[in-house]
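Trainee: Let me begin by handing over the structure; questions about it come next.
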Amino acid sequence: PVAEGGLPWRHAPDGSIAVASPPKEVREFDGRPYVLERGITTDFALVRAAKGDRHGNLVFSKAARNFNPLAAMAGRVTVAEVEELTELDPDEVHLPGVFVQRVLVLTPEQAADKTIEKRTVSRPSRSPDELEP
């Protein structure tokens, strides 16, 4: 259905399809058909790295490595917030500086402020006295 087009992009107030998707190009590689899709491009990308150097090479910490490199590569202008500015060994670089246009070094207070990370613990549904041995 994606290759054929006609999927709803926008609905009209009456519920009908106001704008439908166009058909996509299909090419065959090694005897198998593949639907070609354009990559995402954004005007700006903002990423946060654990370490970086003045050339824009970045090292990410833990789960930040999952999507930050991809987000940085999608941006026409990528701004990297760096918690620590240092010289990096080429073997530890997760994202080369060619994808980064601006490096912003965070203060220690800004680097410590990670509001998205919240520790949560659920309470037991019963008190410990009610639990069976």
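Please note that chains go A, B, ... in the order of the structure tokens, that every chain numbers its residues from 1, and that ligands are numbered from 1 in the order shown.
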Tell me which protein, DNA and RNA residues are within 10 Å of stretch 4-7 of chain A, counting only C-alpha atoms, leaving out same-chain ones fewer than 5 positions away, and put them as a VMD selection string.

Mentor: chain A and resid 17 19 to 26 35

Trainee: What does the file look like for those residues with N, CA, C and O atoms, as a compact mmCIF listing (two decimals), in the first residue's frame?

Mentor:
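Final output, result.txt:
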```txt
# COMPACT_ATOMS: atom_id res chain seq x y z
N ILE A 17 -10.79 11.58 2.56
CA ILE A 17 -9.37 11.84 2.39
C ILE A 17 -9.18 13.14 1.61
O ILE A 17 -9.60 13.25 0.45
N VAL A 19 -5.97 14.76 1.35
CA VAL A 19 -4.68 14.63 0.67
C VAL A 19 -4.22 13.18 0.84
O VAL A 19 -4.15 12.67 1.95
N ALA A 20 -3.92 12.56 -0.30
CA ALA A 20 -3.46 11.18 -0.28
C ALA A 20 -1.97 11.13 -0.63
O ALA A 20 -1.44 12.01 -1.32
N SER A 21 -1.30 10.10 -0.15
CA SER A 21 0.13 9.95 -0.43
C SER A 21 0.35 9.58 -1.90
O SER A 21 -0.44 8.85 -2.49
N PRO A 22 1.43 10.11 -2.47
CA PRO A 22 1.73 9.75 -3.87
C PRO A 22 2.37 8.36 -3.92
O PRO A 22 2.88 7.86 -2.91
N PRO A 23 2.37 7.74 -5.11
CA PRO A 23 3.07 6.45 -5.23
C PRO A 23 4.57 6.65 -5.04
O PRO A 23 5.11 7.71 -5.33
N LYS A 24 5.25 5.63 -4.54
CA LYS A 24 6.69 5.69 -4.30
C LYS A 24 7.41 4.87 -5.36
O LYS A 24 6.87 3.91 -5.91
N GLU A 25 8.66 5.25 -5.57
CA GLU A 25 9.48 4.54 -6.53
C GLU A 25 9.87 3.17 -5.96
O GLU A 25 10.25 3.05 -4.79
N VAL A 26 9.78 2.15 -6.79
CA VAL A 26 10.15 0.79 -6.40
C VAL A 26 11.27 0.34 -7.34
O VAL A 26 11.14 0.45 -8.56
N VAL A 35 10.97 -0.51 -1.78
CA VAL A 35 10.35 0.81 -1.87
C VAL A 35 11.39 1.83 -1.43
O VAL A 35 11.97 1.71 -0.35
```

Trainee: Enumerate as JSON, numbers by chain all residues of chain A assigned to helix (DSSP H, G or I) by DSSP on the backbone, naming them with the chain letters and numbers the document uses.

Mentor: {"A": [64, 65, 66, 67, 68, 69, 70, 71, 72, 73, 74, 90, 91, 92, 97, 98, 99, 108, 109, 110, 111, 112, 128, 129, 130]}

Trainee: If you keep N, CA and C atoms, can you produce a file of those selected residues as a PDB file, in the first residue's frame?

Mentor:
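Result saved to again.pdb:
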```pdb
ATOM      1  N   ALA A  64      22.087   7.654  25.199  1.00  0.00           N
ATOM      2  CA  ALA A  64      22.158   8.819  24.314  1.00  0.00           C
ATOM      3  C   ALA A  64      22.770   8.449  22.970  1.00  0.00           C
ATOM      4  N   ARG A  65      23.475   7.333  22.944  1.00  0.00           N
ATOM      5  CA  ARG A  65      24.111   6.874  21.706  1.00  0.00           C
ATOM      6  C   ARG A  65      23.097   6.277  20.733  1.00  0.00           C
ATOM      7  N   ASN A  66      21.883   5.980  21.192  1.00  0.00           N
ATOM      8  CA  ASN A  66      20.877   5.355  20.334  1.00  0.00           C
ATOM      9  C   ASN A  66      20.408   6.273  19.208  1.00  0.00           C
ATOM     10  N   PHE A  67      20.027   7.510  19.532  1.00  0.00           N
ATOM     11  CA  PHE A  67      19.408   8.364  18.525  1.00  0.00           C
ATOM     12  C   PHE A  67      20.138   9.676  18.266  1.00  0.00           C
ATOM     13  N   ASN A  68      20.995  10.129  19.199  1.00  0.00           N
ATOM     14  CA  ASN A  68      21.684  11.405  18.981  1.00  0.00           C
ATOM     15  C   ASN A  68      22.543  11.427  17.714  1.00  0.00           C
ATOM     16  N   PRO A  69      23.318  10.384  17.393  1.00  0.00           N
ATOM     17  CA  PRO A  69      24.081  10.436  16.142  1.00  0.00           C
ATOM     18  C   PRO A  69      23.182  10.558  14.910  1.00  0.00           C
ATOM     19  N   LEU A  70      22.064   9.847  14.905  1.00  0.00           N
ATOM     20  CA  LEU A  70      21.151   9.929  13.767  1.00  0.00           C
ATOM     21  C   LEU A  70      20.504  11.306  13.666  1.00  0.00           C
ATOM     22  N   ALA A  71      20.120  11.865  14.811  1.00  0.00           N
ATOM     23  CA  ALA A  71      19.527  13.201  14.814  1.00  0.00           C
ATOM     24  C   ALA A  71      20.536  14.228  14.312  1.00  0.00           C
ATOM     25  N   ALA A  72      21.797  14.097  14.730  1.00  0.00           N
ATOM     26  CA  ALA A  72      22.837  15.034  14.294  1.00  0.00           C
ATOM     27  C   ALA A  72      23.071  14.937  12.793  1.00  0.00           C
ATOM     28  N   MET A  73      23.036  13.739  12.253  1.00  0.00           N
ATOM     29  CA  MET A  73      23.264  13.559  10.816  1.00  0.00           C
ATOM     30  C   MET A  73      22.102  14.083   9.982  1.00  0.00           C
ATOM     31  N   ALA A  74      20.900  14.158  10.559  1.00  0.00           N
ATOM     32  CA  ALA A  74      19.738  14.637   9.824  1.00  0.00           C
ATOM     33  C   ALA A  74      19.682  16.156   9.735  1.00  0.00           C
ATOM     34  N   PRO A  90      40.763   9.004  18.495  1.00  0.00           N
ATOM     35  CA  PRO A  90      39.894   8.708  17.350  1.00  0.00           C
ATOM     36  C   PRO A  90      39.082   7.414  17.494  1.00  0.00           C
ATOM     37  N   ASP A  91      39.582   6.455  18.265  1.00  0.00           N
ATOM     38  CA  ASP A  91      38.856   5.200  18.426  1.00  0.00           C
ATOM     39  C   ASP A  91      37.618   5.327  19.311  1.00  0.00           C
ATOM     40  N   GLU A  92      37.511   6.387  20.114  1.00  0.00           N
ATOM     41  CA  GLU A  92      36.360   6.509  21.005  1.00  0.00           C
ATOM     42  C   GLU A  92      35.270   7.435  20.461  1.00  0.00           C
ATOM     43  N   GLY A  97      33.114  14.946  13.657  1.00  0.00           N
ATOM     44  CA  GLY A  97      32.845  16.373  13.662  1.00  0.00           C
ATOM     45  C   GLY A  97      32.296  16.932  12.362  1.00  0.00           C
ATOM     46  N   VAL A  98      32.348  16.180  11.277  1.00  0.00           N
ATOM     47  CA  VAL A  98      31.839  16.676  10.004  1.00  0.00           C
ATOM     48  C   VAL A  98      30.329  16.935  10.064  1.00  0.00           C
ATOM     49  N   PHE A  99      29.634  16.288  10.994  1.00  0.00           N
ATOM     50  CA  PHE A  99      28.190  16.464  11.133  1.00  0.00           C
ATOM     51  C   PHE A  99      27.816  17.567  12.117  1.00  0.00           C
ATOM     52  N   PRO A 108      29.455  23.205  34.737  1.00  0.00           N
ATOM     53  CA  PRO A 108      29.211  22.028  35.575  1.00  0.00           C
ATOM     54  C   PRO A 108      27.776  21.944  36.098  1.00  0.00           C
ATOM     55  N   GLU A 109      27.166  23.088  36.414  1.00  0.00           N
ATOM     56  CA  GLU A 109      25.779  23.083  36.889  1.00  0.00           C
ATOM     57  C   GLU A 109      24.834  22.639  35.779  1.00  0.00           C
ATOM     58  N   GLN A 110      25.051  23.131  34.563  1.00  0.00           N
ATOM     59  CA  GLN A 110      24.205  22.729  33.444  1.00  0.00           C
ATOM     60  C   GLN A 110      24.393  21.254  33.108  1.00  0.00           C
ATOM     61  N   ALA A 111      25.626  20.776  33.181  1.00  0.00           N
ATOM     62  CA  ALA A 111      25.904  19.378  32.879  1.00  0.00           C
ATOM     63  C   ALA A 111      25.251  18.451  33.900  1.00  0.00           C
ATOM     64  N   ALA A 112      25.179  18.883  35.155  1.00  0.00           N
ATOM     65  CA  ALA A 112      24.579  18.059  36.205  1.00  0.00           C
ATOM     66  C   ALA A 112      23.053  18.053  36.136  1.00  0.00           C
ATOM     67  N   PRO A 128       4.164  -4.978  54.038  1.00  0.00           N
ATOM     68  CA  PRO A 128       5.015  -6.143  54.289  1.00  0.00           C
ATOM     69  C   PRO A 128       4.407  -7.125  55.283  1.00  0.00           C
ATOM     70  N   ASP A 129       3.572  -6.663  56.221  1.00  0.00           N
ATOM     71  CA  ASP A 129       2.952  -7.559  57.198  1.00  0.00           C
ATOM     72  C   ASP A 129       1.936  -8.504  56.533  1.00  0.00           C
ATOM     73  N   GLU A 130       1.333  -8.041  55.432  1.00  0.00           N
ATOM     74  CA  GLU A 130       0.307  -8.828  54.764  1.00  0.00           C
ATOM     75  C   GLU A 130       0.907  -9.862  53.800  1.00  0.00           C
TER      76      GLU A 130
END
```

Trainee: I'd like the contact shell of A:Leu58 - 12 Å cut-off, only C-alpha atoms, skipping same-chain residues fewer than 2 positions apart - returned as an MDAnalysis selection string.

Mentor: chainID A and resid 47:56 60:61 64:65 68:69 72 78:105

Trainee: Distance atom CA of A:Trp9-atom CA of A:Glu37, one decimal place?

Mentor: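 Here the two named atoms are 15.7 Å from each other.
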
Trainee: Taking the chain letters and numbering used in this document, name the residues of chain A that DSSP puts in strand (DSSP E), as a ChimeraX atom specification.

Mentor: /A:8-11,17-20,26-29,32-35,42-52,58-59,75-85,102-105

Trainee: Keeping N, CA and C atoms for every residue in the selection just given, could you write it to a file as a compact mmCIF listing (two decimals), in the first residue's frame?

Mentor:
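Listed below is the output, part-v5.txt:
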```txt
# COMPACT_ATOMS: atom_id res chain seq x y z
N PRO A 8 -4.01 7.97 3.40
CA PRO A 8 -4.38 9.32 3.85
C PRO A 8 -3.23 10.06 4.53
N TRP A 9 -2.97 11.27 4.05
CA TRP A 9 -2.04 12.19 4.70
C TRP A 9 -2.81 13.20 5.52
N ARG A 10 -3.97 13.59 5.02
CA ARG A 10 -4.81 14.56 5.71
C ARG A 10 -6.27 14.24 5.40
N HIS A 11 -7.11 14.36 6.41
CA HIS A 11 -8.54 14.12 6.23
C HIS A 11 -9.29 15.44 6.16
N ILE A 17 -10.79 11.58 2.56
CA ILE A 17 -9.37 11.84 2.39
C ILE A 17 -9.18 13.14 1.61
N ALA A 18 -8.56 14.14 2.24
CA ALA A 18 -8.31 15.42 1.57
C ALA A 18 -7.01 15.37 0.78
N VAL A 19 -5.97 14.76 1.35
CA VAL A 19 -4.68 14.63 0.67
C VAL A 19 -4.22 13.18 0.84
N ALA A 20 -3.92 12.56 -0.30
CA ALA A 20 -3.46 11.18 -0.28
C ALA A 20 -1.97 11.13 -0.63
N VAL A 26 9.78 2.15 -6.79
CA VAL A 26 10.15 0.79 -6.40
C VAL A 26 11.27 0.34 -7.34
N ARG A 27 12.37 -0.15 -6.77
CA ARG A 27 13.47 -0.69 -7.57
C ARG A 27 13.76 -2.11 -7.12
N GLU A 28 14.32 -2.86 -8.02
CA GLU A 28 14.64 -4.24 -7.73
C GLU A 28 16.14 -4.38 -7.54
N PHE A 29 16.53 -5.00 -6.41
CA PHE A 29 17.93 -5.30 -6.11
C PHE A 29 18.03 -6.79 -5.83
N ARG A 32 14.80 -8.75 -5.60
CA ARG A 32 13.76 -8.39 -4.63
C ARG A 32 13.36 -6.93 -4.80
N PRO A 33 12.06 -6.63 -4.80
CA PRO A 33 11.63 -5.23 -4.94
C PRO A 33 11.77 -4.48 -3.61
N TYR A 34 12.22 -3.23 -3.69
CA TYR A 34 12.36 -2.37 -2.51
C TYR A 34 11.69 -1.03 -2.79
N VAL A 35 10.97 -0.51 -1.78
CA VAL A 35 10.35 0.81 -1.87
C VAL A 35 11.39 1.83 -1.43
N THR A 42 16.37 17.89 8.65
CA THR A 42 15.83 18.94 9.51
C THR A 42 16.68 20.19 9.37
N ASP A 43 16.10 21.35 9.70
CA ASP A 43 16.87 22.59 9.65
C ASP A 43 17.92 22.61 10.75
N PHE A 44 17.52 22.22 11.96
CA PHE A 44 18.43 22.24 13.10
C PHE A 44 18.34 20.92 13.86
N ALA A 45 19.45 20.52 14.43
CA ALA A 45 19.49 19.36 15.32
C ALA A 45 20.22 19.80 16.58
N LEU A 46 19.68 19.45 17.73
CA LEU A 46 20.30 19.75 19.01
C LEU A 46 20.57 18.43 19.72
N VAL A 47 21.84 18.15 19.98
CA VAL A 47 22.22 16.91 20.64
C VAL A 47 23.05 17.24 21.87
N ARG A 48 23.10 16.28 22.80
CA ARG A 48 23.88 16.46 24.02
C ARG A 48 24.85 15.30 24.14
N ALA A 49 26.12 15.62 24.30
CA ALA A 49 27.16 14.60 24.37
C ALA A 49 27.88 14.66 25.71
N ALA A 50 28.39 13.53 26.16
CA ALA A 50 29.15 13.47 27.40
C ALA A 50 30.49 14.15 27.22
N LYS A 51 31.15 13.88 26.09
CA LYS A 51 32.45 14.48 25.81
C LYS A 51 32.50 14.92 24.35
N GLY A 52 33.32 15.92 24.10
CA GLY A 52 33.52 16.39 22.74
C GLY A 52 34.81 17.16 22.64
N LEU A 58 32.22 13.80 18.82
CA LEU A 58 31.43 13.62 20.04
C LEU A 58 31.46 12.18 20.54
N VAL A 59 31.35 12.05 21.86
CA VAL A 59 31.20 10.77 22.54
C VAL A 59 29.93 10.87 23.37
N GLY A 75 20.38 16.86 10.62
CA GLY A 75 20.28 18.32 10.66
C GLY A 75 21.19 19.02 9.67
N ARG A 76 20.67 20.07 9.06
CA ARG A 76 21.52 20.92 8.21
C ARG A 76 22.52 21.68 9.09
N VAL A 77 22.06 22.12 10.26
CA VAL A 77 22.92 22.76 11.25
C VAL A 77 22.75 21.98 12.55
N THR A 78 23.84 21.42 13.04
CA THR A 78 23.79 20.64 14.27
C THR A 78 24.54 21.38 15.37
N VAL A 79 23.86 21.57 16.49
CA VAL A 79 24.44 22.19 17.67
C VAL A 79 24.61 21.10 18.72
N ALA A 80 25.83 20.96 19.23
CA ALA A 80 26.11 19.93 20.22
C ALA A 80 26.38 20.58 21.58
N GLU A 81 25.60 20.20 22.59
CA GLU A 81 25.89 20.58 23.96
C GLU A 81 26.86 19.54 24.51
N VAL A 82 28.00 19.98 24.99
CA VAL A 82 29.05 19.08 25.45
C VAL A 82 29.26 19.28 26.94
N GLU A 83 29.19 18.19 27.71
CA GLU A 83 29.40 18.27 29.14
C GLU A 83 30.87 18.46 29.49
N GLU A 84 31.76 17.87 28.69
CA GLU A 84 33.20 17.99 28.94
C GLU A 84 33.92 18.18 27.61
N LEU A 85 34.67 19.28 27.50
CA LEU A 85 35.46 19.55 26.29
C LEU A 85 36.87 19.02 26.54
N ARG A 102 28.25 23.53 15.39
CA ARG A 102 28.47 24.36 16.58
C ARG A 102 28.65 23.47 17.81
N VAL A 103 29.58 23.85 18.68
CA VAL A 103 29.80 23.14 19.94
C VAL A 103 29.58 24.13 21.07
N LEU A 104 28.73 23.76 22.01
CA LEU A 104 28.42 24.59 23.17
C LEU A 104 28.85 23.83 24.41
N VAL A 105 29.83 24.37 25.14
CA VAL A 105 30.32 23.71 26.35
C VAL A 105 29.44 24.12 27.52
```
